[in-house]
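Quick look at work03.cif (mmCIF, C-alpha atoms):
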```cif
data_model
loop_
_atom_site.label_atom_id
_atom_site.label_comp_id
_atom_site.auth_asym_id
_atom_site.auth_seq_id
_atom_site.Cartn_x
_atom_site.Cartn_y
_atom_site.Cartn_z
CA MET M 1 10.88 7.12 24.06
CA LYS M 2 14.32 5.64 24.74
CA ILE M 3 16.07 4.33 21.62
CA LEU M 4 19.03 1.94 21.71
CA CYS M 5 21.20 1.97 18.57
CA ILE M 6 23.40 -1.06 17.87
CA GLY M 7 25.81 -0.22 15.09
CA SER M 8 28.69 2.01 14.10
CA GLN M 9 29.33 5.38 15.65
CA LYS M 10 28.22 7.00 12.40
CA PHE M 11 24.89 5.15 12.54
CA GLY M 12 24.32 6.24 16.14
CA GLU M 13 25.11 9.85 15.28
CA GLN M 14 22.75 9.74 12.31
CA VAL M 15 19.85 8.42 14.40
CA THR M 16 20.62 11.00 17.09
CA GLY M 17 20.42 13.69 14.40
CA PHE M 18 17.07 12.34 13.16
CA PHE M 19 15.57 12.66 16.65
CA SER M 20 17.43 15.77 17.85
CA ASN M 21 14.29 17.94 17.87
CA THR M 22 12.20 15.46 19.86
CA GLN M 23 12.03 14.28 23.45
CA ASN M 24 13.33 10.86 22.44
CA GLN M 25 16.61 9.75 24.01
CA VAL M 26 19.18 7.89 21.90
CA ARG M 27 21.92 5.63 23.31
CA SER M 28 24.43 3.69 21.20
CA ILE M 29 26.41 0.45 21.46
CA THR M 30 29.29 0.63 19.01
CA ASP M 31 31.50 -2.19 20.31
CA THR M 32 30.53 -5.82 19.64
CA ARG M 33 32.48 -6.90 22.73
CA ILE M 34 29.99 -5.24 25.07
CA LEU M 35 26.80 -6.13 23.19
CA GLU M 36 25.31 -8.45 25.78
CA SER M 37 26.22 -6.33 28.79
CA GLY M 38 25.14 -3.14 27.01
CA ILE M 39 21.69 -4.55 26.26
CA ARG M 40 21.33 -5.59 29.90
CA LYS M 41 22.64 -2.28 31.24
CA HIS M 42 20.83 0.35 29.16
CA PRO M 43 17.09 0.91 29.65
CA PHE M 44 15.32 1.29 26.29
CA ASP M 45 11.90 1.13 24.64
CA ILE M 46 13.06 0.07 21.17
CA ALA M 47 16.32 -1.27 19.72
CA LEU M 48 17.61 -0.34 16.26
CA ILE M 49 20.18 -2.73 14.79
CA ASP M 50 22.26 -1.88 11.73
CA ASP M 51 22.86 -5.39 10.36
CA ILE M 52 26.08 -4.35 8.55
CA PHE M 53 27.53 -4.02 12.07
CA LEU M 54 27.03 -7.76 12.61
CA LYS M 55 27.32 -8.82 8.96
CA SER M 56 29.98 -11.48 9.59
CA ARG M 57 28.21 -12.69 12.74
CA ALA M 58 24.86 -14.15 11.65
CA LYS M 59 24.54 -16.18 14.84
CA THR M 60 25.31 -13.09 16.92
CA LEU M 61 22.53 -11.15 15.17
CA ALA M 62 20.02 -13.90 15.95
CA LEU M 63 21.17 -14.04 19.58
CA VAL M 64 20.96 -10.26 19.96
CA ILE M 65 17.42 -10.22 18.57
CA LYS M 66 16.47 -13.05 20.92
CA GLN M 67 18.02 -11.27 23.92
CA ILE M 68 16.09 -8.05 23.17
CA ASN M 69 12.83 -9.93 22.60
CA LYS M 70 13.29 -11.62 25.99
CA LYS M 71 13.14 -8.15 27.50
CA LYS M 72 9.82 -7.75 25.64
CA LYS M 73 11.21 -4.84 23.63
CA PRO M 74 10.74 -4.46 19.85
CA VAL M 75 13.64 -4.76 17.41
CA LEU M 76 13.81 -2.66 14.26
CA LEU M 77 16.44 -3.90 11.79
CA ILE M 78 18.23 -1.58 9.36
CA SER M 79 19.32 -3.77 6.45
CA SER M 80 21.06 -3.64 3.10
CA ASN M 81 19.83 -7.15 2.24
CA ARG M 82 16.69 -6.71 0.12
CA HIS M 83 16.00 -10.38 -0.65
CA PHE M 84 12.60 -11.75 0.34
CA SER M 85 14.10 -14.84 1.99
CA HIS M 86 16.18 -12.62 4.29
CA LEU M 87 13.20 -10.44 5.19
CA LEU M 88 11.13 -13.51 5.98
CA LYS M 89 13.93 -14.94 8.12
CA MET M 90 14.16 -11.70 10.09
CA LYS M 91 10.42 -11.73 10.70
CA LYS M 92 10.60 -15.30 11.99
CA LEU M 93 13.46 -14.28 14.31
CA GLY M 94 11.14 -11.75 15.93
CA VAL M 95 12.08 -8.48 14.21
CA ALA M 96 9.19 -6.01 14.52
CA ASP M 97 10.06 -4.05 11.37
CA CYS M 98 12.83 -3.78 8.81
CA ILE M 99 13.98 -0.56 7.15
CA LEU M 100 15.90 -1.12 3.92
CA LYS M 101 18.85 0.98 2.81
CA PRO M 102 18.99 3.57 1.38
CA TYR M 103 16.30 5.12 3.57
CA ASN M 104 14.57 8.46 3.81
CA GLU M 105 14.79 10.39 7.09
CA ARG M 106 11.07 11.18 7.30
CA GLU M 107 10.06 7.56 6.65
CA PHE M 108 12.72 6.33 9.07
CA VAL M 109 11.41 8.49 11.91
CA MET M 110 7.78 7.57 11.19
CA ARG M 111 8.50 3.85 11.26
CA VAL M 112 10.60 4.00 14.43
CA ASN M 113 7.85 5.99 16.15
CA ALA M 114 5.18 3.59 14.93
CA VAL M 115 6.93 0.54 16.38
CA GLY M 116 8.19 2.24 19.52
CA LYS M 117 4.87 3.86 20.36
CA GLY M 118 2.69 0.89 19.42
CA LYS M 119 0.86 2.50 16.51
CA LYS M 120 -1.18 0.30 14.19
CA ARG M 121 0.66 -0.11 10.89
CA ILE M 122 -1.86 -0.30 8.06
CA VAL M 123 -0.86 -1.09 4.48
CA CYS M 124 -3.43 -0.24 1.80
CA ILE M 125 -3.11 -1.97 -1.58
CA GLY M 126 -4.87 -0.73 -4.68
CA GLY M 127 -5.20 2.26 -6.97
CA GLY M 128 -7.60 4.78 -8.42
CA THR M 129 -10.39 6.66 -6.65
CA GLY M 130 -11.18 3.81 -4.27
CA LEU M 131 -7.72 3.89 -2.68
CA PHE M 132 -7.83 7.71 -2.58
CA ASN M 133 -11.10 7.74 -0.62
CA LEU M 134 -9.86 5.08 1.80
CA LEU M 135 -6.66 7.03 2.55
CA ILE M 136 -8.57 10.29 3.03
CA GLY M 137 -10.59 8.60 5.76
CA LEU M 138 -7.85 6.66 7.52
CA LYS M 139 -5.54 9.68 7.58
CA GLN M 140 -7.75 11.10 10.33
CA LEU M 141 -6.63 8.38 12.76
CA PRO M 142 -3.60 9.57 14.78
CA GLN M 143 -2.85 6.11 16.20
CA VAL M 144 -1.92 4.58 12.86
CA LEU M 145 0.92 4.64 10.34
CA LEU M 146 -0.49 4.42 6.83
CA THR M 147 1.44 3.00 3.89
CA SER M 148 -0.08 3.08 0.43
CA VAL M 149 1.25 0.45 -1.99
CA VAL M 150 0.27 1.72 -5.41
CA SER M 151 -0.38 -0.06 -8.69
CA MET M 152 2.00 0.74 -11.55
CA SER M 153 0.04 -0.62 -14.53
CA ASP M 154 -1.91 2.52 -15.51
CA ASP M 155 -1.22 3.29 -19.17
CA GLY M 156 -4.09 5.64 -19.99
CA GLY M 157 -4.55 9.41 -20.05
CA SER M 158 -1.85 11.73 -18.75
CA SER M 159 -0.04 8.91 -16.90
CA GLY M 160 0.18 6.77 -20.01
CA LYS M 161 1.45 9.60 -22.20
CA LEU M 162 4.19 10.59 -19.76
CA SER M 163 5.16 6.98 -19.14
CA GLU M 164 5.43 6.23 -22.87
CA SER M 165 7.25 9.42 -23.85
CA LEU M 166 9.69 9.55 -20.91
CA GLY M 167 10.08 5.86 -20.07
CA LEU M 168 8.91 6.47 -16.49
CA LEU M 169 6.55 4.62 -14.22
CA PRO M 170 3.00 6.02 -14.57
CA PRO M 171 2.55 8.76 -11.95
CA GLY M 172 -1.27 9.04 -11.74
CA ASP M 173 -2.12 6.62 -8.93
CA ILE M 174 0.96 7.73 -6.98
CA ARG M 175 -0.17 11.35 -7.26
CA ARG M 176 -3.61 10.50 -5.86
CA SER M 177 -2.14 8.73 -2.84
CA LEU M 178 0.28 11.60 -2.20
CA VAL M 179 -2.55 14.14 -2.26
CA ALA M 180 -4.75 11.93 -0.06
CA LEU M 181 -2.05 11.72 2.64
CA SER M 182 -0.79 15.29 2.25
CA ASN M 183 -0.75 17.79 5.11
CA ALA M 184 0.31 20.63 2.82
CA PRO M 185 -1.87 23.74 2.45
CA GLU M 186 -5.02 23.00 0.46
CA VAL M 187 -3.90 25.19 -2.45
CA MET M 188 -0.88 22.90 -2.92
CA ASN M 189 -3.13 19.85 -3.12
CA GLN M 190 -5.33 21.68 -5.62
CA ILE M 191 -2.27 22.42 -7.74
CA MET M 192 -1.20 18.77 -7.61
CA GLN M 193 -4.64 17.72 -8.89
CA TYR M 194 -4.94 20.52 -11.47
CA ARG M 195 -5.50 19.28 -15.02
CA PHE M 196 -4.72 21.45 -18.05
CA GLU M 197 -7.83 21.86 -20.20
CA LYS M 198 -6.92 24.41 -22.87
CA LYS M 199 -5.86 22.95 -26.21
CA GLY M 200 -2.13 22.54 -26.60
CA GLU M 201 0.68 20.18 -25.70
CA LEU M 202 -0.33 20.12 -22.02
CA GLU M 203 -4.03 19.41 -22.65
CA GLY M 204 -5.25 16.55 -20.44
CA HIS M 205 -2.09 16.44 -18.33
CA SER M 206 -2.21 16.77 -14.55
CA PHE M 207 0.30 19.20 -13.05
CA GLY M 208 1.07 16.64 -10.34
CA ASN M 209 1.96 14.04 -12.95
CA ILE M 210 4.31 16.46 -14.70
CA PHE M 211 5.87 17.47 -11.37
CA LEU M 212 6.50 13.81 -10.48
CA ALA M 213 7.99 13.17 -13.92
CA ALA M 214 10.35 16.11 -13.46
CA LEU M 215 11.36 14.93 -9.99
CA ALA M 216 11.98 11.43 -11.33
CA GLY M 217 14.37 12.94 -13.87
CA VAL M 218 16.19 14.91 -11.17
CA LYS M 219 16.30 12.07 -8.60
CA GLY M 220 16.90 9.21 -11.03
CA SER M 221 13.82 7.11 -10.30
CA MET M 222 10.11 7.39 -9.59
CA ALA M 223 10.61 5.86 -6.12
CA GLU M 224 13.02 8.66 -5.14
CA ALA M 225 10.72 11.24 -6.75
CA VAL M 226 7.88 10.00 -4.55
CA ARG M 227 10.05 10.33 -1.44
CA SER M 228 11.05 13.88 -2.36
CA LEU M 229 7.49 14.96 -3.06
CA SER M 230 6.37 13.28 0.18
CA ASP M 231 8.70 15.62 2.04
CA ILE M 232 7.39 18.63 0.13
CA LEU M 233 3.75 17.72 0.87
CA TYR M 234 4.38 16.91 4.56
CA LEU M 235 2.96 13.46 4.05
CA GLN M 236 1.12 11.81 6.92
CA GLY M 237 2.12 8.34 5.82
CA ILE M 238 4.24 6.58 3.24
CA VAL M 239 3.57 6.01 -0.47
CA LEU M 240 5.39 3.20 -2.29
CA PRO M 241 5.19 2.07 -5.92
CA VAL M 242 4.51 -1.67 -6.05
CA SER M 243 7.31 -2.15 -8.59
CA LYS M 244 9.90 -0.08 -10.45
CA ALA M 245 9.75 -1.64 -13.92
CA LEU M 246 7.53 -0.68 -16.82
CA THR M 247 5.09 -3.40 -17.81
CA LYS M 248 1.82 -4.06 -19.63
CA LEU M 249 -1.15 -5.66 -17.94
CA VAL M 250 -2.50 -8.61 -19.96
CA ALA M 251 -6.00 -10.02 -19.45
CA GLN M 252 -7.21 -13.34 -20.86
CA PHE M 253 -10.96 -13.66 -21.35
CA GLU M 254 -13.26 -16.67 -21.28
CA ASP M 255 -13.36 -16.83 -25.09
CA GLY M 256 -9.55 -17.16 -25.18
CA SER M 257 -8.87 -13.61 -26.35
CA LEU M 258 -6.03 -11.51 -24.91
CA ILE M 259 -6.12 -7.76 -24.31
CA LYS M 260 -2.91 -5.88 -23.45
CA GLY M 261 -2.87 -2.60 -21.61
CA GLU M 262 -4.74 -1.45 -18.50
CA SER M 263 -6.62 1.28 -20.35
CA LYS M 264 -7.84 -1.10 -23.07
CA ILE M 265 -8.98 -3.62 -20.48
CA ASP M 266 -10.65 -0.82 -18.54
CA ARG M 267 -12.52 0.49 -21.61
CA ALA M 268 -13.60 -2.96 -22.83
CA GLU M 269 -12.18 -2.20 -26.28
CA GLY M 270 -12.66 -4.67 -29.12
CA ARG M 271 -14.78 -7.22 -27.26
CA SER M 272 -18.05 -7.82 -25.47
CA ALA M 273 -18.07 -6.06 -22.11
CA SER M 274 -19.81 -9.06 -20.57
CA LEU M 275 -16.89 -11.45 -21.13
CA SER M 276 -15.25 -12.58 -17.89
CA ILE M 277 -11.53 -12.30 -17.18
CA VAL M 278 -10.08 -15.74 -16.46
CA GLY M 279 -6.40 -14.86 -16.20
CA LEU M 280 -4.22 -11.83 -15.52
CA SER M 281 -0.48 -11.32 -16.00
CA HIS M 282 2.21 -8.72 -16.63
CA GLU M 283 4.27 -8.54 -19.80
CA PRO M 284 7.10 -8.56 -19.05
CA GLU M 285 6.85 -9.99 -15.56
CA VAL M 286 7.91 -7.55 -12.87
CA GLU M 287 9.61 -7.84 -9.52
CA ALA M 288 8.07 -6.29 -6.45
CA GLU M 289 9.75 -3.24 -4.96
CA PRO M 290 11.44 -4.55 -1.76
CA ASP M 291 10.26 -1.55 0.27
CA ALA M 292 6.66 -2.44 -0.60
CA VAL M 293 7.27 -6.09 0.28
CA THR M 294 8.77 -5.12 3.63
CA ALA M 295 5.88 -2.81 4.49
CA ILE M 296 3.39 -5.61 3.83
CA LEU M 297 5.35 -8.34 5.57
CA PHE M 298 5.78 -6.38 8.81
CA SER M 299 2.36 -4.67 8.88
CA ASP M 300 -0.38 -5.09 11.48
CA TYR M 301 -3.26 -4.71 9.01
CA ILE M 302 -3.48 -5.14 5.25
CA VAL M 303 -6.42 -3.49 3.49
CA ILE M 304 -7.05 -4.71 -0.06
CA GLY M 305 -9.29 -2.42 -2.12
CA PRO M 306 -11.50 -0.72 -2.89
CA GLY M 307 -10.73 -0.15 -6.56
CA ASP M 308 -11.26 -1.74 -9.97
CA LEU M 309 -10.98 -5.44 -9.18
CA PHE M 310 -8.50 -6.50 -11.84
CA THR M 311 -6.81 -3.30 -13.07
CA SER M 312 -6.32 -1.61 -9.66
CA ILE M 313 -6.17 -4.48 -7.15
CA ILE M 314 -5.35 -7.89 -8.63
CA THR M 315 -2.67 -6.28 -10.82
CA ASN M 316 -0.72 -5.96 -7.54
CA LEU M 317 -1.52 -9.43 -6.22
CA ILE M 318 -0.07 -11.20 -9.27
CA ILE M 319 3.39 -9.83 -8.49
CA THR M 320 5.05 -12.81 -6.81
CA ASN M 321 6.67 -11.27 -3.75
CA ILE M 322 3.65 -9.06 -3.06
CA ARG M 323 1.45 -12.13 -2.95
CA GLU M 324 3.99 -14.04 -0.84
CA ALA M 325 4.36 -11.12 1.59
CA ILE M 326 0.59 -11.04 2.12
CA LEU M 327 0.45 -14.79 2.67
CA HIS M 328 3.38 -14.78 5.13
CA SER M 329 2.35 -11.64 6.99
CA SER M 330 0.71 -12.12 10.38
CA ALA M 331 -1.36 -8.98 9.70
CA THR M 332 -5.15 -8.96 9.86
CA LYS M 333 -6.31 -8.93 6.24
CA ILE M 334 -9.34 -6.91 5.15
CA TYR M 335 -10.94 -6.84 1.70
CA ILE M 336 -13.24 -3.92 0.83
CA CYS M 337 -15.63 -4.88 -1.96
CA ASN M 338 -16.57 -2.54 -4.80
CA LEU M 339 -19.93 -0.75 -4.93
CA MET M 340 -20.59 -1.07 -8.67
CA THR M 341 -19.76 -3.58 -11.37
CA LYS M 342 -17.32 -2.53 -14.11
CA PRO M 343 -17.98 -3.32 -17.80
CA GLY M 344 -15.15 -5.40 -19.19
CA GLU M 345 -14.00 -6.48 -15.72
CA THR M 346 -16.80 -7.52 -13.40
CA SER M 347 -20.09 -7.47 -15.32
CA GLY M 348 -22.59 -9.65 -13.44
CA LEU M 349 -20.14 -10.40 -10.62
CA ASP M 350 -21.63 -10.30 -7.12
CA ALA M 351 -19.81 -9.60 -3.84
CA GLN M 352 -19.07 -13.29 -3.38
CA GLY M 353 -17.55 -13.36 -6.88
CA HIS M 354 -15.33 -10.37 -6.09
CA ARG M 355 -14.05 -12.05 -2.92
CA ARG M 356 -13.53 -15.32 -4.78
CA GLU M 357 -11.32 -13.61 -7.39
CA ILE M 358 -9.16 -12.04 -4.67
CA VAL M 359 -8.67 -15.45 -3.05
CA LYS M 360 -7.97 -17.07 -6.42
CA TYR M 361 -5.06 -14.73 -7.19
CA LEU M 362 -3.72 -14.84 -3.65
CA GLY M 363 -3.68 -18.62 -3.95
CA LYS M 364 -5.16 -19.11 -0.49
CA ASP M 365 -8.08 -17.78 1.54
CA VAL M 366 -6.27 -15.68 4.14
CA LEU M 367 -8.86 -12.89 4.40
CA ASP M 368 -10.04 -12.14 7.93
CA TYR M 369 -12.73 -9.59 7.06
CA VAL M 370 -14.76 -8.78 3.95
CA LEU M 371 -16.44 -5.38 4.07
CA ILE M 372 -19.47 -5.06 1.78
CA SER M 373 -21.65 -2.00 1.30
CA ASN M 374 -25.38 -2.21 2.00
CA THR M 375 -25.91 1.48 1.18
CA LYS M 376 -29.29 2.03 -0.48
CA LEU M 377 -28.63 3.71 -3.81
CA SER M 378 -31.12 6.16 -5.29
CA LYS M 379 -33.19 5.16 -8.31
CA LYS M 380 -31.54 7.98 -10.24
CA ALA M 381 -28.03 6.66 -9.47
CA ILE M 382 -28.99 3.13 -10.48
CA PHE M 383 -30.58 4.44 -13.70
CA ASP M 384 -27.60 6.66 -14.59
CA TYR M 385 -25.11 3.83 -14.06
CA ALA M 386 -27.29 1.37 -15.99
CA LYS M 387 -26.81 3.60 -19.05
CA LYS M 388 -23.07 2.87 -18.65
CA ASN M 389 -23.74 -0.87 -18.27
CA GLN M 390 -22.94 -0.74 -14.57
CA ALA M 391 -25.02 -2.09 -11.69
CA PRO M 392 -24.73 -2.27 -7.90
CA VAL M 393 -22.62 -5.21 -6.72
CA ASN M 394 -25.18 -7.75 -5.51
CA LEU M 395 -24.72 -8.89 -1.93
CA ALA M 396 -25.41 -12.50 -2.92
CA SER M 397 -26.80 -14.93 -0.36
CA GLN M 398 -25.55 -14.13 3.14
CA LYS M 399 -25.68 -17.84 3.95
CA SER M 400 -23.68 -18.68 0.82
CA ALA M 401 -21.09 -16.00 1.59
CA LEU M 402 -20.61 -17.18 5.16
CA SER M 403 -20.26 -20.84 4.22
CA SER M 404 -17.59 -20.27 1.59
CA THR M 405 -15.00 -18.28 3.53
CA GLN M 406 -13.29 -18.12 6.90
CA ALA M 407 -13.56 -14.32 6.81
CA LYS M 408 -16.06 -12.37 8.85
CA ILE M 409 -18.55 -10.73 6.48
CA ILE M 410 -19.45 -7.15 7.47
CA LEU M 411 -22.37 -5.40 5.79
CA ALA M 412 -22.24 -1.64 6.40
CA ASP M 413 -23.39 1.69 5.01
CA ILE M 414 -20.10 2.72 3.38
CA GLY M 415 -21.38 4.11 0.06
CA ASP M 416 -21.87 7.71 -1.02
CA THR M 417 -24.20 8.80 -3.84
CA ARG M 418 -24.18 12.59 -3.54
CA GLU M 419 -22.50 12.91 -6.95
CA LEU M 420 -21.01 9.70 -8.32
CA VAL M 421 -21.34 6.39 -6.50
CA ARG M 422 -18.20 6.24 -4.38
CA HIS M 423 -17.10 4.83 -1.05
CA ASN M 424 -17.70 7.23 1.82
CA SER M 425 -14.36 8.09 3.44
CA VAL M 426 -15.81 8.81 6.88
CA ASN M 427 -17.88 5.64 7.03
CA LEU M 428 -14.97 3.53 5.76
CA LYS M 429 -12.83 4.97 8.54
CA LYS M 430 -15.46 4.09 11.16
CA GLN M 431 -15.66 0.47 9.99
CA ILE M 432 -11.87 0.06 9.94
CA GLN M 433 -11.72 1.63 13.42
CA LYS M 434 -14.08 -1.03 14.72
CA ILE M 435 -11.95 -3.79 13.24
CA ILE M 436 -8.66 -2.51 14.61
CA GLY M 437 -10.16 -1.45 17.93
CA ILE M 438 -9.23 2.23 18.20
CA THR M 439 -11.13 5.46 18.71
CA SER M 440 -10.67 8.74 16.84
#
```
Taking this structure as input, can you express it in the form of structure tokens?
Amino acid sequence: MKILCIGSQKFGEQVTGFFSNTQNQVRSITDTRILESGIRKHPFDIALIDDIFLKSRAKTLALVIKQINKKKKPVLLISSNRHFSHLLKMKKLGVADCILKPYNEREFVMRVNAVGKGKKRIVCIGGGTGLFNLLIGLKQLPQVLLTSVVSMSDDGGSSGKLSESLGLLPPGDIRRSLVALSNAPEVMNQIMQYRFEKKGELEGHSFGNIFLAALAGVKGSMAEAVRSLSDILYLQGIVLPVSKALTKLVAQFEDGSLIKGESKIDRAEGRSASLSIVGLSHEPEVEAEPDAVTAILFSDYIVIGPGDLFTSIITNLIITNIREAILHSSATKIYICNLMTKPGETSGLDAQGHRREIVKYLGKDVLDYVLISNTKLSKKAIFDYAKKNQAPVNLASQKSALSSTQAKIILADIGDTRELVRHNSVNLKKQIQKIIGITS
């Protein structure tokens, strides 16, 4: 792949260093006076523009992007401007992707390769076991770049204790995504998932959570801790926290009551588990992490779910710039429905109801596909879950589902009941492959 760098000499040297051990060729234009002729003269497959190089020449930047697009070559912008309006403007100008400063070398190389080599960029939004199983499956596809945008509202268990005592973002969902995308030796992944069981101060804590908390202290933030651990685990993808501020998830129920805290909502504490959630918010409100916004805005596919509807999925959608990025993205949007209802969240809610809640919090029906399981569950599984007040998510009327959405409804065998009822990673991968049109 031939890479054209438009920026300072230092920028060109840095990119050359990033790709020094590959067969990629890097050329640089470091003089604004020869921009137009340089673009015409040098053959290239992808152009990288450091926007600080043209900071005082907004019109020039637009013209350069237009000139490169005329050659039917992708533009990847390196930018220090993290505002949503700027990112949206760049997308409308024809920029294929935008890497925000400061950037990580591994992520930089992965994103350049993804755009330059025409890989499918898939952003997965959610949390918990559902997101973990989805990533495990999609990681097997070499033609994609996976980015996991992870919920930051978990306040229970080990994550909650570390978050409260250290003032850090909860590490649990991040840890799961890191392990799912890891290419480290299996023993390292086992260590990351190891939970201390003997009585004492560490009882109930996951080693991976503690490791992330320590890295956050060393690096100064959870986002930088995630990047460092991604390097250690040889991540086959990118993991991004959806926000960087501590917050409490607040659910309003149909009787007017308010419950604060993801874990309390999840456990249906202090109320009837059959009450429906009619509103969801964060207290205090949080801003989306710009890196997560950028990944969504410039993606090819956005996969929402699976995961607990309100506490793992919608908790992300109510963050303003996340929602706006989804709405403005030209990506194909896929929603994967849950297999079982959840007491305190989705009791009695069918597949159509799940989809309707997603659309409600997005503010617009922009879903292109809705993937619903038609896996036949065993009588034992249904009985065991009934004791926990959980039931299979009803498919609802196919005719009703089709008439109420523009999305294509796909019924498929994507469940797994060998132990607990979970989504099957392999079958999820196969269905996503069909949608995006690639083979293994």
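Once the PyMOL selection byres ((chain M and resi 309) around 10) is applied to the depicted file, the selected set reads Gly126, Gly127, Ile304, Gly305, Pro306, Gly307, Asp308, Phe310, Thr311, Ser312, Ile313, Ile314, Thr315, Cys337, Asn338, Thr341, Lys342, Glu345, Thr346, His354, Arg355, Glu357 and Ile358 of chain M.
The closest residue to Ile39 of chain M, picked from M:Gln67, M:Thr405, M:Gln143, M:Thr247 and counting all atoms listed in the file, is M:Gln67.
Our summary of the geometry notes that atom CA of Met1 of chain M is positioned 4.8 Å from atom CA of Asn24 of chain M.
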Please enumerate the residues selected by the PyMOL selection byres ((chain M and resi 324) around 10) when evaluated against the supplied file, formatted as a list in words.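 That expression, the PyMOL selection byres ((chain M and resi 324) around 10), corresponds here to Phe84, Leu88, Val293, Ile296, Leu297, Leu317, Ile318, Ile319, Thr320, Asn321, Ile322, Arg323, Ala325, Ile326, Leu327, His328, Ser329, Leu362 and Gly363 of chain M.
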Provide the atom CA of Leu215 of chain M to atom CA of Val149 of chain M distance in Å, to one decimal place. 19.4 Å
Counting all atoms listed in the file, find the residues whose atoms lie at most 10 Å from (-15.0, -4.9, -22.3) (file coordinates) and write them out as a ChimeraX atom specification. /M:253,259,264-277,342-347
Quick one: distance from atom CA of Asn389 of chain M to atom CA of Gly353 of chain M in Å, one decimal?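 Atom CA of Gly353 of chain M lies 18.0 Å from atom CA of Asn389 of chain M.
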Contacts of Phe298 of chain M at 9 Å or less, counting all atoms listed in the file, minus same-chain residues fewer than 6 places along, as a tab-separated table (two decimals) with C-alpha atoms, in the coordinates of the input?
```tsv
chain	number	residue	atom	x	y	z
M	91	LYS	CA	10.42	-11.73	10.70
M	95	VAL	CA	12.08	-8.48	14.21
M	96	ALA	CA	9.19	-6.01	14.52
M	97	ASP	CA	10.06	-4.05	11.37
M	98	CYS	CA	12.83	-3.78	8.81
M	121	ARG	CA	0.66	-0.11	10.89
M	325	ALA	CA	4.36	-11.12	1.59
M	329	SER	CA	2.35	-11.64	6.99
M	330	SER	CA	0.71	-12.12	10.38
M	331	ALA	CA	-1.36	-8.98	9.70
```
Using the chain letters and numbers from the file, which residues does the PyMOL selection byres ((chain M and resi 209) around 8) grab, as a PyMOL selection string? chain M and resi 158-159+162+171-172+175+192+205-208+210-213
Resulting file, chosen residues, C-alpha atoms, as a compact mmCIF listing (two decimals), in the coordinates of the input:
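Output file result_8.txt is given in full below:
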```
# COMPACT_ATOMS: atom_id res chain seq x y z
CA SER M 158 -1.85 11.73 -18.75
CA SER M 159 -0.04 8.91 -16.90
CA LEU M 162 4.19 10.59 -19.76
CA PRO M 171 2.55 8.76 -11.95
CA GLY M 172 -1.27 9.04 -11.74
CA ARG M 175 -0.17 11.35 -7.26
CA MET M 192 -1.20 18.77 -7.61
CA HIS M 205 -2.09 16.44 -18.33
CA SER M 206 -2.21 16.77 -14.55
CA PHE M 207 0.30 19.20 -13.05
CA GLY M 208 1.07 16.64 -10.34
CA ILE M 210 4.31 16.46 -14.70
CA PHE M 211 5.87 17.47 -11.37
CA LEU M 212 6.50 13.81 -10.48
CA ALA M 213 7.99 13.17 -13.92
```
Which residues come within 8 Å of Leu146 of chain M, counting only C-alpha atoms, excluding same-chain residues fewer than 5 positions away, as a list in words? Arg121, Ile122, Val123, Cys124, Leu135, Leu138, Lys139, Gln236, Gly237 and Ile238 of chain M
Using all atoms listed in the file, determine which residues lie at most 10 Å from Met188 of chain M, disregarding the query and same-chain residues fewer than 3 positions distant; provide the list as a VMD selection string. chain M and resid 179 182 to 185 191 to 194 208 232 to 233
Saved selection, atoms kept: C-alpha atoms, as an mmCIF file, in the frame of the given file:
```
data_model
loop_
_atom_site.group_PDB
_atom_site.id
_atom_site.type_symbol
_atom_site.label_atom_id
_atom_site.label_comp_id
_atom_site.auth_asym_id
_atom_site.auth_seq_id
_atom_site.Cartn_x
_atom_site.Cartn_y
_atom_site.Cartn_z
ATOM 1 C CA VAL M 179 -2.550 14.140 -2.260
ATOM 2 C CA SER M 182 -0.790 15.290 2.250
ATOM 3 C CA ASN M 183 -0.750 17.790 5.110
ATOM 4 C CA ALA M 184 0.310 20.630 2.820
ATOM 5 C CA PRO M 185 -1.870 23.740 2.450
ATOM 6 C CA ILE M 191 -2.270 22.420 -7.740
ATOM 7 C CA MET M 192 -1.200 18.770 -7.610
ATOM 8 C CA GLN M 193 -4.640 17.720 -8.890
ATOM 9 C CA TYR M 194 -4.940 20.520 -11.470
ATOM 10 C CA GLY M 208 1.070 16.640 -10.340
ATOM 11 C CA ILE M 232 7.390 18.630 0.130
ATOM 12 C CA LEU M 233 3.750 17.720 0.870
#
```
Please identify all polymer residues lying at most 10 Å from the point (-5.1, -12.2, -22.6) (file coordinates), using only C-alpha atoms, and present the result as a list in words.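 Looking at atoms near the point gives Leu249, Val250, Ala251, Gln252, Phe253, Glu254, Asp255, Gly256, Ser257, Leu258, Ile259, Lys260, Gly261, Ile265, Ile277, Val278, Gly279, Leu280 and Ser281 of chain M.
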Please, could you write that set of residues out with C-alpha atoms as a compact mmCIF listing (two decimals), in the coordinates of the input?
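Below is the file that was written, again.txt:
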```txt
# COMPACT_ATOMS: atom_id res chain seq x y z
CA LEU M 249 -1.15 -5.66 -17.94
CA VAL M 250 -2.50 -8.61 -19.96
CA ALA M 251 -6.00 -10.02 -19.45
CA GLN M 252 -7.21 -13.34 -20.86
CA PHE M 253 -10.96 -13.66 -21.35
CA GLU M 254 -13.26 -16.67 -21.28
CA ASP M 255 -13.36 -16.83 -25.09
CA GLY M 256 -9.55 -17.16 -25.18
CA SER M 257 -8.87 -13.61 -26.35
CA LEU M 258 -6.03 -11.51 -24.91
CA ILE M 259 -6.12 -7.76 -24.31
CA LYS M 260 -2.91 -5.88 -23.45
CA GLY M 261 -2.87 -2.60 -21.61
CA ILE M 265 -8.98 -3.62 -20.48
CA ILE M 277 -11.53 -12.30 -17.18
CA VAL M 278 -10.08 -15.74 -16.46
CA GLY M 279 -6.40 -14.86 -16.20
CA LEU M 280 -4.22 -11.83 -15.52
CA SER M 281 -0.48 -11.32 -16.00
```
